[in-house]
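K.L.:
Sharing coords-v2.cif, mmCIF, C-alpha atoms; chains and numbers go by the auth columns:
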```
data_final
loop_
_atom_site.group_PDB
_atom_site.id
_atom_site.type_symbol
_atom_site.label_atom_id
_atom_site.label_comp_id
_atom_site.label_asym_id
_atom_site.label_seq_id
_atom_site.Cartn_x
_atom_site.Cartn_y
_atom_site.Cartn_z
_atom_site.B_iso_or_equiv
_atom_site.auth_seq_id
_atom_site.auth_asym_id
ATOM 1 C CA MET A 1 -81.175 -16.533 14.770 0.00 1080 A
ATOM 2 C CA ILE A 2 -80.073 -19.403 17.021 0.00 1081 A
ATOM 3 C CA SER A 3 -82.467 -20.871 19.574 0.00 1082 A
ATOM 4 C CA GLU A 4 -81.861 -23.433 22.293 0.00 1083 A
ATOM 5 C CA PHE A 5 -84.809 -25.733 23.025 0.00 1084 A
ATOM 6 C CA VAL A 6 -85.523 -28.554 25.471 0.00 1085 A
ATOM 7 C CA GLY A 7 -88.958 -30.165 25.081 0.00 1086 A
ATOM 8 C CA LYS A 8 -91.774 -29.577 27.546 0.00 1087 A
ATOM 9 C CA GLY A 9 -91.595 -32.092 30.367 0.00 1088 A
ATOM 10 C CA SER A 10 -87.810 -31.772 30.526 0.00 1089 A
ATOM 11 C CA PRO A 11 -87.258 -28.725 32.707 0.00 1090 A
ATOM 12 C CA VAL A 12 -83.902 -26.992 32.457 0.00 1091 A
ATOM 13 C CA PHE A 13 -84.191 -25.810 36.024 0.00 1092 A
ATOM 14 C CA GLY A 14 -86.006 -27.377 38.906 0.00 1093 A
ATOM 15 C CA GLY A 15 -85.389 -26.573 42.512 0.00 1094 A
ATOM 16 C CA GLU A 16 -87.601 -26.188 45.539 0.00 1095 A
ATOM 17 C CA GLY A 17 -90.596 -27.206 43.418 0.00 1096 A
ATOM 18 C CA ILE A 18 -89.914 -24.723 40.611 0.00 1097 A
ATOM 19 C CA GLU A 19 -89.833 -26.022 37.045 0.00 1098 A
ATOM 20 C CA ILE A 20 -88.657 -23.723 34.289 0.00 1099 A
ATOM 21 C CA HIS A 21 -88.907 -25.095 30.750 0.00 1100 A
ATOM 22 C CA ARG A 22 -87.107 -24.053 27.610 0.00 1101 A
ATOM 23 C CA LEU A 23 -89.758 -23.115 25.086 0.00 1102 A
ATOM 24 C CA GLY A 24 -89.774 -23.277 21.312 0.00 1103 A
ATOM 25 C CA LEU A 25 -89.783 -20.146 19.206 0.00 1104 A
ATOM 26 C CA GLU A 26 -93.553 -20.418 18.724 0.00 1105 A
ATOM 27 C CA TYR A 27 -93.697 -18.796 22.196 0.00 1106 A
ATOM 28 C CA PHE A 28 -91.391 -15.934 21.147 0.00 1107 A
ATOM 29 C CA PRO A 29 -93.610 -12.854 21.627 0.00 1108 A
ATOM 30 C CA PHE A 30 -91.685 -10.245 19.636 0.00 1109 A
ATOM 31 C CA THR A 31 -91.222 -9.343 15.974 0.00 1110 A
ATOM 32 C CA TYR A 32 -87.558 -8.343 16.406 0.00 1111 A
ATOM 33 C CA ALA A 33 -84.753 -10.531 17.746 0.00 1112 A
ATOM 34 C CA LEU A 34 -81.033 -10.370 18.296 0.00 1113 A
ATOM 35 C CA SER A 35 -78.930 -13.164 16.765 0.00 1114 A
ATOM 36 C CA HIS A 36 -79.294 -15.569 19.742 0.00 1115 A
ATOM 37 C CA VAL A 37 -82.556 -16.265 21.554 0.00 1116 A
ATOM 38 C CA LEU A 38 -83.452 -18.371 24.576 0.00 1117 A
ATOM 39 C CA VAL A 39 -87.063 -18.567 25.809 0.00 1118 A
ATOM 40 C CA GLU A 40 -87.885 -20.071 29.222 0.00 1119 A
ATOM 41 C CA GLY A 41 -91.307 -20.419 30.781 0.00 1120 A
ATOM 42 C CA VAL A 42 -93.510 -21.748 33.551 0.00 1121 A
ATOM 43 C CA PHE A 43 -96.845 -23.607 33.266 0.00 1122 A
ATOM 44 C CA ASN A 44 -99.489 -24.370 35.891 0.00 1123 A
ATOM 45 C CA ASP A 45 -101.266 -27.658 36.699 0.00 1124 A
ATOM 46 C CA LYS A 46 -103.914 -26.873 34.057 0.00 1125 A
ATOM 47 C CA ASP A 47 -101.080 -26.755 31.478 0.00 1126 A
ATOM 48 C CA GLU A 48 -101.679 -23.033 31.012 0.00 1127 A
ATOM 49 C CA PHE A 49 -98.721 -20.825 30.164 0.00 1128 A
ATOM 50 C CA VAL A 50 -98.060 -18.581 33.191 0.00 1129 A
ATOM 51 C CA ASP A 51 -94.964 -16.554 32.378 0.00 1130 A
ATOM 52 C CA MET A 52 -91.686 -16.535 30.492 0.00 1131 A
ATOM 53 C CA THR A 53 -88.311 -14.908 30.370 0.00 1132 A
ATOM 54 C CA VAL A 54 -86.799 -14.132 26.984 0.00 1133 A
ATOM 55 C CA HIS A 55 -83.029 -13.727 26.698 0.00 1134 A
ATOM 56 C CA MET A 56 -81.525 -12.323 23.498 0.00 1135 A
ATOM 57 C CA TRP A 57 -77.898 -11.512 22.794 0.00 1136 A
ATOM 58 C CA GLN A 58 -75.457 -10.871 19.989 0.00 1137 A
ATOM 59 C CA ASP A 59 -71.844 -9.878 19.604 0.00 1138 A
ATOM 60 C CA CYS A 60 -71.154 -6.231 18.956 0.00 1139 A
ATOM 61 C CA GLU A 61 -68.108 -4.015 18.807 0.00 1140 A
ATOM 62 C CA GLY A 62 -66.562 -3.983 22.262 0.00 1141 A
ATOM 63 C CA GLY A 63 -68.599 -6.818 23.723 0.00 1142 A
ATOM 64 C CA CYS A 64 -72.115 -8.193 23.635 0.00 1143 A
ATOM 65 C CA SER A 65 -75.607 -6.701 23.553 0.00 1144 A
ATOM 66 C CA HIS A 66 -78.034 -8.539 25.851 0.00 1145 A
ATOM 67 C CA ILE A 67 -81.782 -8.041 26.312 0.00 1146 A
ATOM 68 C CA THR A 68 -83.847 -9.802 28.978 0.00 1147 A
ATOM 69 C CA ALA A 69 -87.630 -9.457 28.936 0.00 1148 A
ATOM 70 C CA ALA A 70 -90.321 -10.894 31.204 0.00 1149 A
ATOM 71 C CA VAL A 71 -93.738 -11.757 29.759 0.00 1150 A
ATOM 72 C CA ALA A 72 -96.749 -12.815 31.846 0.00 1151 A
ATOM 73 C CA SER A 73 -100.079 -14.263 30.802 0.00 1152 A
ATOM 74 C CA THR A 74 -103.193 -12.362 31.846 0.00 1153 A
ATOM 75 C CA THR A 75 -105.566 -15.287 31.294 0.00 1154 A
ATOM 76 C CA VAL A 76 -104.430 -18.020 33.722 0.00 1155 A
ATOM 77 C CA PHE A 77 -106.866 -19.522 36.197 0.00 1156 A
ATOM 78 C CA GLU A 78 -104.334 -20.606 38.818 0.00 1157 A
ATOM 79 C CA PRO A 79 -100.686 -20.043 39.712 0.00 1158 A
ATOM 80 C CA PRO A 80 -97.932 -22.577 39.047 0.00 1159 A
ATOM 81 C CA HIS A 81 -97.761 -25.621 41.316 0.00 1160 A
ATOM 82 C CA PHE A 82 -94.753 -24.363 43.299 0.00 1161 A
ATOM 83 C CA VAL A 83 -96.679 -21.196 44.248 0.00 1162 A
ATOM 84 C CA LYS A 84 -99.641 -23.267 45.466 0.00 1163 A
ATOM 85 C CA GLU A 85 -97.236 -25.368 47.587 0.00 1164 A
ATOM 86 C CA ILE A 86 -95.680 -22.261 49.134 0.00 1165 A
ATOM 87 C CA LEU A 87 -99.118 -20.827 49.982 0.00 1166 A
ATOM 88 C CA ALA A 88 -100.327 -24.171 51.370 0.00 1167 A
ATOM 89 C CA LYS A 89 -97.411 -24.139 53.824 0.00 1168 A
ATOM 90 C CA ASP A 90 -97.820 -20.445 54.653 0.00 1169 A
ATOM 91 C CA PRO A 91 -100.987 -18.653 53.477 0.00 1170 A
ATOM 92 C CA HIS A 92 -99.361 -15.346 54.446 0.00 1171 A
ATOM 93 C CA ALA A 93 -96.190 -15.922 52.401 0.00 1172 A
ATOM 94 C CA ARG A 94 -95.081 -12.814 50.558 0.00 1173 A
ATOM 95 C CA LEU A 95 -94.096 -13.891 47.074 0.00 1174 A
ATOM 96 C CA GLN A 96 -91.578 -11.656 45.363 0.00 1175 A
ATOM 97 C CA PRO A 97 -91.962 -11.337 41.574 0.00 1176 A
ATOM 98 C CA PRO A 98 -88.706 -11.659 39.612 0.00 1177 A
ATOM 99 C CA SER A 99 -89.142 -8.092 38.361 0.00 1178 A
ATOM 100 C CA THR A 100 -88.458 -6.838 41.911 0.00 1179 A
ATOM 101 C CA THR A 101 -85.207 -8.792 42.293 0.00 1180 A
ATOM 102 C CA ASP A 102 -81.779 -8.487 40.737 0.00 1181 A
ATOM 103 C CA HIS A 103 -82.344 -11.535 38.491 0.00 1182 A
ATOM 104 C CA ALA A 104 -82.093 -9.494 35.287 0.00 1183 A
ATOM 105 C CA GLU A 105 -78.688 -8.181 36.324 0.00 1184 A
ATOM 106 C CA TYR A 106 -77.610 -11.727 37.245 0.00 1185 A
ATOM 107 C CA ALA A 107 -78.752 -13.128 33.899 0.00 1186 A
ATOM 108 C CA ALA A 108 -77.099 -10.331 31.945 0.00 1187 A
ATOM 109 C CA SER A 109 -73.787 -10.997 33.694 0.00 1188 A
ATOM 110 C CA ARG A 110 -73.620 -14.613 32.456 0.00 1189 A
#
```
Show how you would write the structure in this file as structure tokens.
P.N.:
Amino acid sequence: MISEFVGKGSPVFGGEGIEIHRLGLEYFPFTYALSHVLVEGVFNDKDEFVDMTVHMWQDCEGGCSHITAAVASTTVFEPPHFVKEILAKDPHARLQPPSTTDHAEYAASR
């Protein structure tokens, strides 16, 4: 298995207050993996893990198999900082979880 990792504190994506970090395989939540794995996640101000997206892919006859999975913690005490900023500006903001968007289709097309 191949994994890409950038240490915590060096986000791979940051825009509009959002920081997404590449995580090491110690965060990988599954017992089965395809040949390539990328784990990305978000933490809150208490340094609690909030959620992650796991991307796995491998070559196969006729193309590539790709699996994207979202994993959320059920034990956090506050949302990530960017969510608190959004709600501070607009307490009635309607946050849309990634599972309700087309992000999985976007990621799988890359």
K.L.:
Any chance you could work out the residue set of the PyMOL selection byres ((chain A and resi 1117-1132) around 6) here, as a list in words?
P.N.:
Ser1082, Glu1083, Ile1099, His1100, Arg1101, Leu1102, Val1116, Val1133, His1134, Ala1148, Ala1149, Val1150, Ala1151, Ser1152, Pro1158, Pro1159 and His1160 of chain A
K.L.:
Taking the file as shown, what set of residues would the PyMOL selection byres ((chain A and resi 1136) around 7) give back, as a VMD selection string?
P.N.:
chain A and resid 1113 to 1116 1134 to 1135 1137 1143 to 1146
K.L.:
Between CA of Gln1175 in chain A and CA of Gly1103 in chain A, measure the distance and give it in Å to one decimal.
P.N.:
26.8 Å
K.L.:
In Å, with one decimal, what is the gap from CA of Tyr1111 in chain A to CA of Glu1098 in chain A?
P.N.:
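Pair CA of Tyr1111 in chain A / CA of Glu1098 in chain A returns 27.3 Å.
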K.L.:
May I ask for the distance between CA of Val1155 in chain A and CA of Phe1107 in chain A, given in Å to one decimal place?
P.N.:
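We find that CA of Val1155 in chain A and CA of Phe1107 in chain A lie 18.2 Å from each other.
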K.L.:
Some atoms are absent from range 1111-1128 of chain A, so rebuild N, CA and C atoms and return them as a compact mmCIF listing (two decimals), in the frame of the given file.
P.N.:
```
# COMPACT_ATOMS: atom_id res chain seq x y z
N TYR A 1111 -88.98 -8.63 16.61
CA TYR A 1111 -87.56 -8.34 16.41
C TYR A 1111 -86.75 -9.21 17.35
N ALA A 1112 -85.61 -9.72 16.89
CA ALA A 1112 -84.75 -10.53 17.75
C ALA A 1112 -83.30 -10.22 17.47
N LEU A 1113 -82.47 -10.39 18.49
CA LEU A 1113 -81.03 -10.37 18.30
C LEU A 1113 -80.63 -11.73 17.72
N SER A 1114 -79.35 -11.95 17.49
CA SER A 1114 -78.93 -13.16 16.76
C SER A 1114 -79.07 -14.45 17.57
N HIS A 1115 -79.11 -14.39 18.89
CA HIS A 1115 -79.29 -15.57 19.74
C HIS A 1115 -80.50 -15.35 20.63
N VAL A 1116 -81.33 -16.38 20.76
CA VAL A 1116 -82.56 -16.26 21.55
C VAL A 1116 -82.72 -17.50 22.42
N LEU A 1117 -83.12 -17.28 23.66
CA LEU A 1117 -83.45 -18.37 24.58
C LEU A 1117 -84.76 -17.97 25.26
N VAL A 1118 -85.76 -18.85 25.21
CA VAL A 1118 -87.06 -18.57 25.81
C VAL A 1118 -87.32 -19.62 26.89
N GLU A 1119 -87.61 -19.17 28.11
CA GLU A 1119 -87.88 -20.07 29.22
C GLU A 1119 -89.24 -19.71 29.81
N GLY A 1120 -89.99 -20.73 30.25
CA GLY A 1120 -91.31 -20.42 30.78
C GLY A 1120 -91.80 -21.39 31.82
N VAL A 1121 -92.89 -20.99 32.47
CA VAL A 1121 -93.51 -21.75 33.55
C VAL A 1121 -94.97 -22.01 33.18
N PHE A 1122 -95.45 -23.22 33.49
CA PHE A 1122 -96.84 -23.61 33.27
C PHE A 1122 -97.47 -23.97 34.61
N ASN A 1123 -98.80 -23.95 34.67
CA ASN A 1123 -99.49 -24.37 35.89
C ASN A 1123 -100.02 -25.79 35.73
N ASP A 1124 -100.74 -26.29 36.73
CA ASP A 1124 -101.27 -27.66 36.70
C ASP A 1124 -102.34 -27.86 35.64
N LYS A 1125 -102.92 -26.78 35.13
CA LYS A 1125 -103.91 -26.87 34.06
C LYS A 1125 -103.24 -26.81 32.69
N ASP A 1126 -101.90 -26.84 32.68
CA ASP A 1126 -101.08 -26.76 31.48
C ASP A 1126 -101.24 -25.41 30.77
N GLU A 1127 -101.58 -24.39 31.55
CA GLU A 1127 -101.68 -23.03 31.01
C GLU A 1127 -100.31 -22.37 31.12
N PHE A 1128 -99.93 -21.63 30.12
CA PHE A 1128 -98.72 -20.82 30.16
C PHE A 1128 -98.91 -19.73 31.21
```
